[in-house]
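Data file: run.txt. Format and content: compact mmCIF, C-alpha atoms.
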```txt
# COMPACT_ATOMS: atom_id res chain seq x y z
CA MET A 1 154.32 118.49 87.35
CA ARG A 2 155.50 114.92 87.00
CA ARG A 3 153.18 112.07 87.94
CA SER A 4 154.33 108.68 89.16
CA GLU A 5 153.77 106.97 85.83
CA GLY A 6 155.02 103.39 86.14
CA ARG A 7 156.87 103.97 89.43
CA ILE A 8 156.58 106.06 92.58
CA LEU A 9 158.64 109.23 92.25
CA THR A 10 160.57 110.58 95.22
CA THR A 11 161.08 114.09 96.51
CA HIS A 12 161.35 115.83 99.88
CA ALA A 13 159.97 118.88 101.66
CA GLY A 14 162.78 121.36 101.10
CA SER A 15 165.44 122.18 103.67
CA LEU A 16 168.54 120.01 103.99
CA PRO A 17 171.63 120.26 106.23
CA ARG A 18 173.87 123.25 105.63
CA PRO A 19 177.66 123.17 106.11
CA PRO A 20 178.68 124.42 109.60
CA ALA A 21 180.63 127.39 108.22
CA LEU A 22 177.55 128.62 106.35
CA VAL A 23 175.38 128.13 109.45
CA SER A 24 177.82 130.29 111.44
CA MET A 25 177.64 133.05 108.83
CA PHE A 26 173.85 133.01 108.88
CA ALA A 27 173.77 133.10 112.69
CA ASP A 28 176.26 135.98 112.78
CA ARG A 29 174.20 137.99 110.30
CA VAL A 30 170.96 137.53 112.24
CA GLN A 31 172.69 138.61 115.45
CA GLY A 32 173.99 141.76 113.77
CA ARG A 33 177.63 140.73 113.53
CA ALA A 34 179.61 141.61 110.40
CA VAL A 35 179.70 138.99 107.65
CA ASP A 36 181.67 139.31 104.43
CA ALA A 37 179.11 139.28 101.59
CA GLY A 38 181.54 137.74 99.11
CA ALA A 39 182.48 134.95 101.49
CA MET A 40 178.82 134.20 102.16
CA ALA A 41 177.99 134.11 98.44
CA ALA A 42 180.87 131.70 97.83
CA ALA A 43 179.78 129.50 100.75
CA ILE A 44 176.21 129.37 99.40
CA GLU A 45 177.50 128.43 95.94
CA ASP A 46 179.65 125.64 97.37
CA ALA A 47 176.83 124.39 99.60
CA THR A 48 174.35 124.24 96.72
CA ALA A 49 176.86 122.41 94.53
CA TRP A 50 177.39 119.96 97.42
CA VAL A 51 173.76 119.32 98.37
CA LEU A 52 172.41 118.55 94.88
CA PRO A 53 174.61 115.50 94.14
CA LYS A 54 173.82 114.20 97.64
CA GLN A 55 170.11 114.16 96.78
CA LEU A 56 170.67 112.51 93.41
CA ALA A 57 172.95 109.86 94.93
CA ALA A 58 170.20 109.05 97.44
CA GLY A 59 167.78 108.47 94.57
CA ILE A 60 165.67 111.61 94.80
CA ASP A 61 163.80 112.20 91.55
CA ILE A 62 162.66 115.78 92.23
CA PRO A 63 165.40 117.63 94.15
CA ASN A 64 165.93 121.25 95.13
CA ASN A 65 168.72 123.53 96.31
CA GLY A 66 168.30 122.40 99.90
CA GLU A 67 167.43 126.01 100.84
CA GLN A 68 171.17 126.63 101.13
CA PRO A 69 170.85 130.34 100.18
CA ARG A 70 168.43 130.96 103.08
CA ASP A 71 168.94 131.17 106.82
CA ALA A 72 165.39 130.04 107.66
CA PHE A 73 162.48 128.81 105.58
CA PHE A 74 160.42 131.98 105.95
CA LEU A 75 162.48 134.48 107.93
CA TYR A 76 164.98 134.80 105.07
CA VAL A 77 162.53 137.32 103.60
CA ARG A 78 163.75 139.93 106.09
CA HIS A 79 166.91 140.14 103.95
CA ARG A 80 164.91 140.57 100.73
CA MET A 81 162.00 142.77 101.79
CA SER A 82 161.62 146.14 103.46
CA GLY A 83 159.75 146.79 106.70
CA PHE A 84 161.38 144.26 109.04
CA ALA A 85 163.33 145.37 112.11
CA GLY A 86 164.55 144.14 115.49
CA LEU A 87 164.64 140.68 117.02
CA GLY A 88 162.18 139.37 119.59
CA SER A 89 160.75 136.03 120.66
CA ARG A 90 157.67 134.22 119.45
CA GLN A 91 155.42 132.38 121.90
CA PRO A 92 156.08 128.61 122.05
CA PRO A 93 153.63 126.07 120.67
CA GLY A 94 150.83 125.28 123.07
CA ASP A 95 151.73 121.60 123.29
CA VAL A 96 155.27 122.49 124.40
CA ALA A 97 154.10 125.03 126.98
CA ARG A 98 151.79 122.53 128.69
CA TYR A 99 154.73 120.21 129.48
CA PRO A 100 157.20 122.29 131.53
CA GLY A 101 159.65 119.42 131.92
CA PHE A 102 159.82 118.87 128.21
CA GLN A 103 160.11 122.61 127.55
CA ALA A 104 163.06 122.92 129.96
CA MET A 105 164.81 119.95 128.34
CA ARG A 106 164.25 121.45 124.91
CA GLN A 107 165.66 124.84 125.94
CA GLN A 108 168.71 123.21 127.51
CA LEU A 109 169.48 121.25 124.36
CA GLN A 110 169.32 124.46 122.28
CA ALA A 111 171.24 126.70 124.68
CA ASN A 112 174.73 126.27 123.25
CA GLN A 113 173.73 125.71 119.64
CA THR A 114 175.01 127.88 116.80
CA ALA A 115 171.87 128.27 114.76
CA VAL A 116 169.11 130.47 113.41
CA THR A 117 165.70 129.85 114.94
CA ASN A 118 162.23 130.46 113.55
CA PHE A 119 161.15 131.60 117.02
CA ASP A 120 163.43 134.65 117.17
CA VAL A 121 161.45 137.00 114.97
CA PRO A 122 161.61 140.66 113.89
CA LYS A 123 158.66 143.04 113.72
CA VAL A 124 157.13 144.77 110.73
CA VAL A 125 157.50 148.50 111.36
CA ASP A 126 157.20 149.90 107.84
CA GLU A 127 155.86 149.10 104.38
CA VAL A 128 156.59 145.57 103.19
CA ARG A 129 157.81 145.41 99.61
CA TYR A 130 160.28 143.30 97.69
CA LEU A 131 163.51 145.26 97.51
CA ASP A 132 165.15 143.83 94.41
CA PRO A 133 164.13 140.93 92.10
CA ALA A 134 167.84 140.13 91.81
CA PHE A 135 167.62 138.28 95.14
CA VAL A 136 165.34 135.54 93.83
CA GLU A 137 166.69 135.74 90.28
CA THR A 138 170.18 134.99 91.58
CA GLU A 139 168.99 132.06 93.66
CA CYS A 140 167.06 130.54 90.76
CA GLY A 141 169.76 131.24 88.20
CA ASP A 142 172.50 129.74 90.36
CA PHE A 143 170.50 126.59 91.00
CA ARG A 144 169.61 126.26 87.31
CA ARG A 145 173.29 126.57 86.39
CA ILE A 146 174.41 124.03 89.01
CA LEU A 147 171.61 121.63 88.05
CA GLY A 148 172.62 121.91 84.40
CA SER A 149 176.22 121.14 85.30
CA VAL A 150 175.54 118.22 87.63
CA ALA A 151 172.53 116.64 85.90
CA PRO A 152 171.86 118.33 82.54
CA ASP A 153 169.07 115.91 81.59
CA HIS A 154 167.22 116.09 84.89
CA GLU A 155 163.48 116.45 84.27
CA GLU A 156 162.16 118.37 87.26
CA ALA A 157 163.29 120.26 90.36
CA PHE A 158 161.62 122.58 92.83
CA ILE A 159 162.30 125.69 94.91
CA THR A 160 160.38 126.66 98.02
CA ALA A 161 158.81 129.94 99.12
CA PRO A 162 156.76 130.71 102.22
CA SER A 163 153.08 131.34 102.57
CA PRO A 164 152.17 134.94 103.41
CA GLY A 165 150.27 133.46 106.33
CA ILE A 166 153.28 132.08 108.19
CA ILE A 167 154.95 135.49 108.07
CA ALA A 168 151.77 137.30 109.11
CA ALA A 169 151.21 134.91 112.01
CA ALA A 170 154.80 134.78 113.27
CA VAL A 171 156.07 138.32 112.69
CA PRO A 172 154.26 140.99 114.74
CA ASN A 173 152.70 143.75 112.69
CA GLU A 174 153.21 147.29 113.98
CA TYR A 175 152.60 149.11 110.70
CA TYR A 176 149.43 147.94 108.91
CA ASP A 177 146.02 148.82 110.33
CA SER A 178 144.56 145.36 109.71
CA GLU A 179 145.55 141.75 109.16
CA ALA A 180 143.99 141.96 105.69
CA ARG A 181 146.31 144.78 104.62
CA TYR A 182 149.30 143.00 106.15
CA LEU A 183 148.47 139.76 104.30
CA ASP A 184 147.93 141.63 101.04
CA ALA A 185 151.31 143.37 101.32
CA LEU A 186 153.10 140.11 102.04
CA ALA A 187 151.29 138.33 99.23
CA ALA A 188 152.20 141.06 96.73
CA ALA A 189 155.86 140.90 97.74
CA LEU A 190 155.96 137.10 97.66
CA GLN A 191 154.30 137.05 94.24
CA ILE A 192 157.62 138.27 92.83
CA GLU A 193 159.34 135.17 94.21
CA TYR A 194 156.56 132.81 93.19
CA GLU A 195 156.56 133.97 89.57
CA ALA A 196 160.36 134.05 89.30
CA ILE A 197 160.68 130.45 90.51
CA VAL A 198 158.23 129.19 87.92
CA ALA A 199 159.70 131.40 85.16
CA HIS A 200 163.05 129.68 85.73
CA GLY A 201 161.42 126.32 85.02
CA PHE A 202 161.07 125.05 88.60
CA ILE A 203 158.10 123.69 90.48
CA LEU A 204 157.08 126.17 93.18
CA GLN A 205 156.54 124.65 96.61
CA LEU A 206 154.61 126.87 98.99
CA ASP A 207 155.58 126.21 102.60
CA CYS A 208 152.43 126.73 104.66
CA PRO A 209 152.81 125.38 108.20
CA ASP A 210 150.55 128.23 109.27
CA LEU A 211 147.59 126.33 107.84
CA ALA A 212 147.95 123.74 110.62
CA LEU A 213 150.65 124.88 113.10
CA GLU A 214 149.06 128.18 114.05
CA ARG A 215 146.11 126.37 115.59
CA HIS A 216 148.33 125.51 118.58
CA ILE A 217 150.31 128.76 118.60
CA THR A 218 148.37 131.90 117.67
CA TYR A 219 144.93 130.29 117.99
CA THR A 220 145.55 127.97 120.97
CA ASN A 221 142.82 129.47 123.15
CA ARG A 222 140.40 130.45 120.43
CA PRO A 223 137.58 128.51 118.71
CA VAL A 224 138.64 126.27 115.85
CA SER A 225 136.20 128.16 113.63
CA GLU A 226 138.33 131.30 114.03
CA PHE A 227 141.40 129.35 113.00
CA ILE A 228 139.70 127.92 109.92
CA ALA A 229 138.62 131.45 108.97
CA PHE A 230 142.31 132.43 109.18
CA VAL A 231 143.23 129.50 106.91
CA GLU A 232 140.63 130.63 104.39
CA ARG A 233 141.98 134.19 104.43
CA VAL A 234 145.52 132.93 103.83
CA ILE A 235 144.40 130.66 101.00
CA GLY A 236 142.65 133.64 99.42
CA ALA A 237 145.88 135.65 99.59
CA ILE A 238 147.86 132.75 98.14
CA ASN A 239 145.44 132.37 95.25
CA ARG A 240 145.77 136.05 94.42
CA SER A 241 149.55 135.64 94.34
CA LEU A 242 149.26 132.65 92.01
CA VAL A 243 147.01 134.35 89.47
CA ASN A 244 149.67 134.21 86.73
CA ILE A 245 150.94 130.69 87.50
CA PRO A 246 149.40 127.43 86.19
CA ARG A 247 148.26 125.23 89.07
CA ASP A 248 150.26 122.26 87.81
CA LYS A 249 153.43 124.25 88.56
CA VAL A 250 152.64 124.59 92.28
CA ARG A 251 152.60 122.24 95.23
CA LEU A 252 151.52 123.27 98.72
CA HIS A 253 153.15 121.90 101.87
CA VAL A 254 151.19 121.84 105.13
CA CYS A 255 152.48 120.61 108.49
CA TRP A 256 151.97 120.96 112.23
CA GLY A 257 155.51 122.11 113.02
CA ASN A 258 158.80 120.38 112.35
CA TYR A 259 159.79 119.70 115.93
CA GLU A 260 159.87 116.67 118.20
CA GLY A 261 157.21 117.38 120.78
CA PRO A 262 153.90 116.12 122.16
CA HIS A 263 151.79 117.49 119.27
CA ASP A 264 148.70 116.54 121.26
CA LEU A 265 147.07 119.89 120.50
CA ASP A 266 147.41 119.50 116.71
CA VAL A 267 144.25 120.29 114.79
CA PRO A 268 142.93 117.23 112.90
CA LEU A 269 143.55 117.25 109.15
CA ALA A 270 139.84 116.61 108.59
CA ASP A 271 139.02 119.99 110.16
CA ILE A 272 141.28 122.03 107.91
CA LEU A 273 141.46 120.09 104.65
CA PRO A 274 138.31 121.59 103.05
CA ALA A 275 139.79 125.07 103.45
CA ILE A 276 143.24 123.98 102.28
CA LEU A 277 141.79 122.43 99.14
CA GLN A 278 140.54 125.85 98.06
CA ALA A 279 144.16 126.58 97.06
CA ASP A 280 144.67 126.68 93.31
CA VAL A 281 147.58 124.21 93.28
CA GLY A 282 148.44 120.97 91.57
CA ALA A 283 149.67 118.98 94.57
CA ILE A 284 149.35 118.85 98.34
CA VAL A 285 152.35 117.81 100.48
CA LEU A 286 151.35 116.27 103.82
CA PRO A 287 153.10 114.40 106.68
CA PHE A 288 152.06 110.78 107.23
CA ALA A 289 155.20 109.35 108.89
CA ASN A 290 155.13 110.96 112.34
CA PRO A 291 153.18 109.25 115.15
CA ARG A 292 150.55 111.98 115.42
CA HIS A 293 149.40 112.10 111.80
CA ALA A 294 150.29 108.70 110.32
CA HIS A 295 146.63 107.67 110.28
CA GLU A 296 145.27 110.66 108.42
CA TYR A 297 145.92 109.31 104.93
CA LYS A 298 142.56 107.59 105.37
CA ILE A 299 140.76 110.86 104.72
CA PHE A 300 141.67 110.49 101.05
CA GLU A 301 139.50 107.39 100.74
CA ASN A 302 136.62 109.84 100.38
CA GLY A 303 138.16 111.45 97.29
CA PRO A 304 138.62 115.07 98.43
CA LEU A 305 141.38 115.85 95.89
CA ALA A 306 140.47 117.24 92.49
CA ASP A 307 141.05 114.85 89.61
CA ASP A 308 144.11 116.79 88.43
CA GLN A 309 145.78 117.01 91.85
CA LEU A 310 148.63 114.90 93.20
CA LEU A 311 149.47 113.94 96.78
CA VAL A 312 153.06 114.08 98.02
CA ALA A 313 152.97 111.76 101.01
CA GLY A 314 155.44 112.24 103.84
CA VAL A 315 156.72 108.74 104.59
CA ILE A 316 159.99 109.72 106.32
CA ASP A 317 160.08 111.46 109.73
CA THR A 318 162.44 114.46 109.80
CA THR A 319 162.73 114.81 113.59
CA THR A 320 164.32 111.46 114.50
CA ASN A 321 167.61 109.74 113.68
CA TYR A 322 165.89 106.42 113.15
CA VAL A 323 166.50 105.30 109.55
CA GLU A 324 163.20 103.89 108.36
CA HIS A 325 163.31 100.38 106.93
CA PRO A 326 162.49 100.36 103.21
CA GLU A 327 159.65 97.91 103.86
CA VAL A 328 158.11 100.36 106.33
CA VAL A 329 158.41 103.12 103.73
CA ALA A 330 156.85 100.88 101.08
CA ASP A 331 153.95 100.00 103.36
CA ARG A 332 153.28 103.68 104.00
CA ILE A 333 153.32 104.50 100.30
CA GLU A 334 151.04 101.61 99.47
CA ARG A 335 148.47 102.62 102.08
CA VAL A 336 148.32 106.15 100.68
CA ALA A 337 148.08 104.90 97.10
CA GLN A 338 145.27 102.51 97.99
CA ALA A 339 143.36 105.25 99.81
CA LEU A 340 143.72 107.63 96.87
CA GLY A 341 142.91 104.89 94.37
CA ASP A 342 145.60 105.77 91.84
CA PRO A 343 149.34 105.26 92.51
CA ALA A 344 150.22 107.56 89.60
CA ARG A 345 148.92 110.46 91.69
CA VAL A 346 151.16 109.67 94.67
CA LEU A 347 154.73 110.88 95.19
CA ALA A 348 156.85 109.81 98.15
CA GLY A 349 158.40 112.53 100.28
CA THR A 350 159.38 113.57 103.78
CA ASP A 351 157.16 114.94 106.51
CA CYS A 352 158.97 118.29 106.52
CA GLY A 353 162.42 119.75 105.94
CA PHE A 354 165.49 118.49 107.78
CA ASP A 355 166.85 121.94 108.69
CA THR A 356 164.04 124.48 108.46
CA SER A 357 166.22 127.11 110.09
CA ALA A 358 169.98 126.89 109.73
CA GLY A 359 171.58 124.66 112.34
CA MET A 360 168.34 123.69 114.10
CA GLY A 361 167.91 120.30 112.43
CA LYS A 362 167.86 117.35 114.82
CA VAL A 363 168.91 114.68 112.32
CA ALA A 364 172.65 114.18 111.78
CA GLU A 365 173.81 115.07 108.29
CA ASP A 366 174.94 111.56 107.36
CA VAL A 367 171.69 110.12 108.68
CA VAL A 368 169.72 112.50 106.46
CA TRP A 369 171.19 110.93 103.34
CA ALA A 370 170.54 107.44 104.72
CA LYS A 371 166.91 108.35 105.36
CA LEU A 372 166.52 109.71 101.81
CA ALA A 373 168.10 106.53 100.44
CA ALA A 374 165.60 104.51 102.47
CA LEU A 375 162.85 106.66 100.96
CA SER A 376 164.05 105.76 97.46
CA GLU A 377 164.47 102.07 98.29
CA GLY A 378 160.99 101.95 99.78
CA ALA A 379 159.55 103.68 96.73
CA LYS A 380 161.10 101.01 94.51
CA LEU A 381 159.54 98.24 96.60
CA ALA A 382 156.15 99.94 96.54
CA SER A 383 156.41 100.46 92.78
CA GLU A 384 156.97 96.75 92.20
CA ARG A 385 153.72 96.03 94.02
CA LEU A 386 151.61 98.92 92.79
CA PHE A 387 152.53 98.86 89.08
CA LYS A 388 152.21 95.19 88.19
```

Would you put the structure from the file into structure tokens?
Amino acid sequence: MRRSEGRILTTHAGSLPRPPALVSMFADRVQGRAVDAGAMAAAIEDATAWVLPKQLAAGIDIPNNGEQPRDAFFLYVRHRMSGFAGLGSRQPPGDVARYPGFQAMRQQLQANQTAVTNFDVPKVVDEVRYLDPAFVETECGDFRRILGSVAPDHEEAFITAPSPGIIAAAVPNEYYDSEARYLDALAAALQIEYEAIVAHGFILQLDCPDLALERHITYTNRPVSEFIAFVERVIGAINRSLVNIPRDKVRLHVCWGNYEGPHDLDVPLADILPAILQADVGAIVLPFANPRHAHEYKIFENGPLADDQLLVAGVIDTTTNYVEHPEVVADRIERVAQALGDPARVLAGTDCGFDTSAGMGKVAEDVVWAKLAALSEGAKLASERLFK
């Protein structure tokens, strides 16, 4: 995994805008309407070939495929694994539910949207297993081919995959007799994706909003100790899935939900970080741009990271169409670097993805590229000050 040797490297958290035609295909498929498989494959190919140059033009050092082959950051697994069926609704976050006016406004804004949502979930009604390694092999192989064509000398890129915990928390289990068995089955299936991504030469990013978000969804009315025990169980499952992967090939992304909302029930980072740091990974990706968590970089003044671990700091908000000023970005990077004590261990990123489920992103496509360009410009300014 690349360090910021001599300058702050830039990356992002994964999902990027998808072309409207591809979003429509994904939405049709989830709703059970017929979609031509060949047309979808061609649309995914075109979208991936489109999104990579956009990242490079914005100055992103460590890009990805924008999650173009997936309809949602974790629910895409229902198309690759057995056991999933039906379509129901997940309970809303606790902070949204406590503000009825905001919840009504949010529902109205989404009513006529063509999109896939992470809150319309199936159930697990049978054994969970990975159906065919060709699913992930095709995704990785296609991105490797496109990357080689567009930027043959590019040093590093990443591909995301979900935590078993976000699936276990969001998708009701009607088959396994315990959470432990459910987590183990998901972890075993996801291990196929994890190992394939790294085998193709990519950094694996584990998307783990469950390690923070579920405190104000599944565990809203339960003691924080029970939530932290859940985090520890998920980290244990993740570590078992990573047994064959070097830690410097894995970064772990944690967030409190990629939505504009009150977030006043978010669990403090200080409460969950000790459990999160039990993960056998080389980098932690955290949000420090949004108004609820911008202050929490200070926790790293106490040196909780292992000496070989990096911190990917979210310095761009992914829920607003404000384009951050490069000086603001630079200030954020510098604060994190000073807290950590070593700018070489800091990468600049985004708080979360821009389109975590297809069509649900709230940032206009052209603004996304402007925000990523501001990220790169801010990283350059910070580098001039940090690497004198």

For Gly282 (chain A): contacts at 12 Å, only C-alpha atoms, fewer than 2 positions along chain excluded, given as JSON, numbers by chain: {"A": [1, 2, 3, 203, 204, 205, 206, 242, 245, 246, 247, 248, 249, 250, 251, 252, 253, 277, 278, 279, 280, 284, 285, 305, 306, 307, 308, 309, 310, 311, 312, 345]}

Spatial neighbours of region 144-155 of chain A, 12 Å, only C-alpha atoms, chain gap at least 4 places, as a count of residues only: 36

Among listed residues A:Thr117, A:Ser376, A:Asn239, A:Gln91, nearest Pro164 (chain A) (using all atoms listed in the file):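 That would be A:Asn239, the residue with the smallest distance to Pro164 (chain A).
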
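Take the candidates A:Ser82, A:Thr220, A:Thr10, A:Ser15 and check each one against Ala58 (chain A) using only C-alpha atoms; the shortest distance goes to A:Thr10.
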
Could you give me, as JSON lines, every region 359-382 of chain A residue with an atom at most 12 Å from region 11-14 of chain A, plus its closest atom pair and distance in Å to one decimal, counting only C-alpha atoms, rows ordered by chain then number?
```
{"residue": "A:Val368", "atom": "CA", "partner": "A:His12", "partner_atom": "CA", "distance": 11.2}
{"residue": "A:Trp369", "atom": "CA", "partner": "A:His12", "partner_atom": "CA", "distance": 11.5}
{"residue": "A:Lys371", "atom": "CA", "partner": "A:His12", "partner_atom": "CA", "distance": 10.8}
{"residue": "A:Leu372", "atom": "CA", "partner": "A:His12", "partner_atom": "CA", "distance": 8.2}
{"residue": "A:Ala373", "atom": "CA", "partner": "A:Thr11", "partner_atom": "CA", "distance": 11.0}
{"residue": "A:Leu375", "atom": "CA", "partner": "A:Thr11", "partner_atom": "CA", "distance": 8.8}
{"residue": "A:Ser376", "atom": "CA", "partner": "A:Thr11", "partner_atom": "CA", "distance": 8.9}
{"residue": "A:Ala379", "atom": "CA", "partner": "A:Thr11", "partner_atom": "CA", "distance": 10.5}
```

Nearest residue to Glu260 (chain A) from the set A:Pro172, A:Gly165, A:Gly361, A:Gly141 (distances using only C-alpha atoms): A:Gly361

Interatomic distance (Å, one decimal) between CA of Ala339 (chain A) and CA of Val234 (chain A):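 Atom-to-atom, CA of Ala339 (chain A) and CA of Val234 (chain A) are spaced 28.1 Å apart.
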
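You will find CA of Asp366 (chain A) at 12.0 Å from CA of Pro19 (chain A).
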
Restore N, CA and C atoms in region 279-294 of chain A and list the result as a PDB file, in the coordinates of the input.
```
ATOM      1  N   ALA A 279     142.951 126.049  97.709  1.00  0.00           N
ATOM      2  CA  ALA A 279     144.160 126.580  97.060  1.00  0.00           C
ATOM      3  C   ALA A 279     144.241 126.095  95.625  1.00  0.00           C
ATOM      4  N   ASP A 280     144.600 126.996  94.733  1.00  0.00           N
ATOM      5  CA  ASP A 280     144.670 126.680  93.310  1.00  0.00           C
ATOM      6  C   ASP A 280     146.053 126.109  92.982  1.00  0.00           C
ATOM      7  N   VAL A 281     146.275 124.865  93.430  1.00  0.00           N
ATOM      8  CA  VAL A 281     147.580 124.210  93.280  1.00  0.00           C
ATOM      9  C   VAL A 281     147.399 122.811  92.715  1.00  0.00           C
ATOM     10  N   GLY A 282     148.495 122.272  92.207  1.00  0.00           N
ATOM     11  CA  GLY A 282     148.440 120.970  91.570  1.00  0.00           C
ATOM     12  C   GLY A 282     148.762 119.805  92.462  1.00  0.00           C
ATOM     13  N   ALA A 283     149.321 120.064  93.649  1.00  0.00           N
ATOM     14  CA  ALA A 283     149.670 118.980  94.570  1.00  0.00           C
ATOM     15  C   ALA A 283     149.643 119.483  95.995  1.00  0.00           C
ATOM     16  N   ILE A 284     149.324 118.585  96.907  1.00  0.00           N
ATOM     17  CA  ILE A 284     149.350 118.850  98.340  1.00  0.00           C
ATOM     18  C   ILE A 284     150.427 117.964  98.952  1.00  0.00           C
ATOM     19  N   VAL A 285     151.270 118.545  99.803  1.00  0.00           N
ATOM     20  CA  VAL A 285     152.350 117.810 100.480  1.00  0.00           C
ATOM     21  C   VAL A 285     151.974 117.710 101.951  1.00  0.00           C
ATOM     22  N   LEU A 286     151.816 116.475 102.456  1.00  0.00           N
ATOM     23  CA  LEU A 286     151.350 116.270 103.820  1.00  0.00           C
ATOM     24  C   LEU A 286     152.201 115.232 104.554  1.00  0.00           C
ATOM     25  N   PRO A 287     152.320 115.361 105.894  1.00  0.00           N
ATOM     26  CA  PRO A 287     153.100 114.400 106.680  1.00  0.00           C
ATOM     27  C   PRO A 287     152.269 113.207 107.134  1.00  0.00           C
ATOM     28  N   PHE A 288     152.735 112.003 106.796  1.00  0.00           N
ATOM     29  CA  PHE A 288     152.060 110.780 107.230  1.00  0.00           C
ATOM     30  C   PHE A 288     153.020 109.799 107.906  1.00  0.00           C
ATOM     31  N   ALA A 289     154.235 110.250 108.253  1.00  0.00           N
ATOM     32  CA  ALA A 289     155.200 109.350 108.890  1.00  0.00           C
ATOM     33  C   ALA A 289     155.225 109.513 110.402  1.00  0.00           C
ATOM     34  N   ASN A 290     154.991 110.741 110.899  1.00  0.00           N
ATOM     35  CA  ASN A 290     155.130 110.960 112.340  1.00  0.00           C
ATOM     36  C   ASN A 290     153.976 110.316 113.110  1.00  0.00           C
ATOM     37  N   PRO A 291     154.173 110.021 114.387  1.00  0.00           N
ATOM     38  CA  PRO A 291     153.180 109.250 115.150  1.00  0.00           C
ATOM     39  C   PRO A 291     151.846 109.948 115.363  1.00  0.00           C
ATOM     40  N   ARG A 292     151.794 111.263 115.162  1.00  0.00           N
ATOM     41  CA  ARG A 292     150.550 111.980 115.420  1.00  0.00           C
ATOM     42  C   ARG A 292     149.643 112.039 114.196  1.00  0.00           C
ATOM     43  N   HIS A 293     150.199 111.901 113.009  1.00  0.00           N
ATOM     44  CA  HIS A 293     149.400 112.100 111.800  1.00  0.00           C
ATOM     45  C   HIS A 293     149.492 110.939 110.811  1.00  0.00           C
ATOM     46  N   ALA A 294     150.104 109.833 111.234  1.00  0.00           N
ATOM     47  CA  ALA A 294     150.290 108.700 110.320  1.00  0.00           C
ATOM     48  C   ALA A 294     148.976 108.101 109.849  1.00  0.00           C
TER      49      ALA A 294
END
```
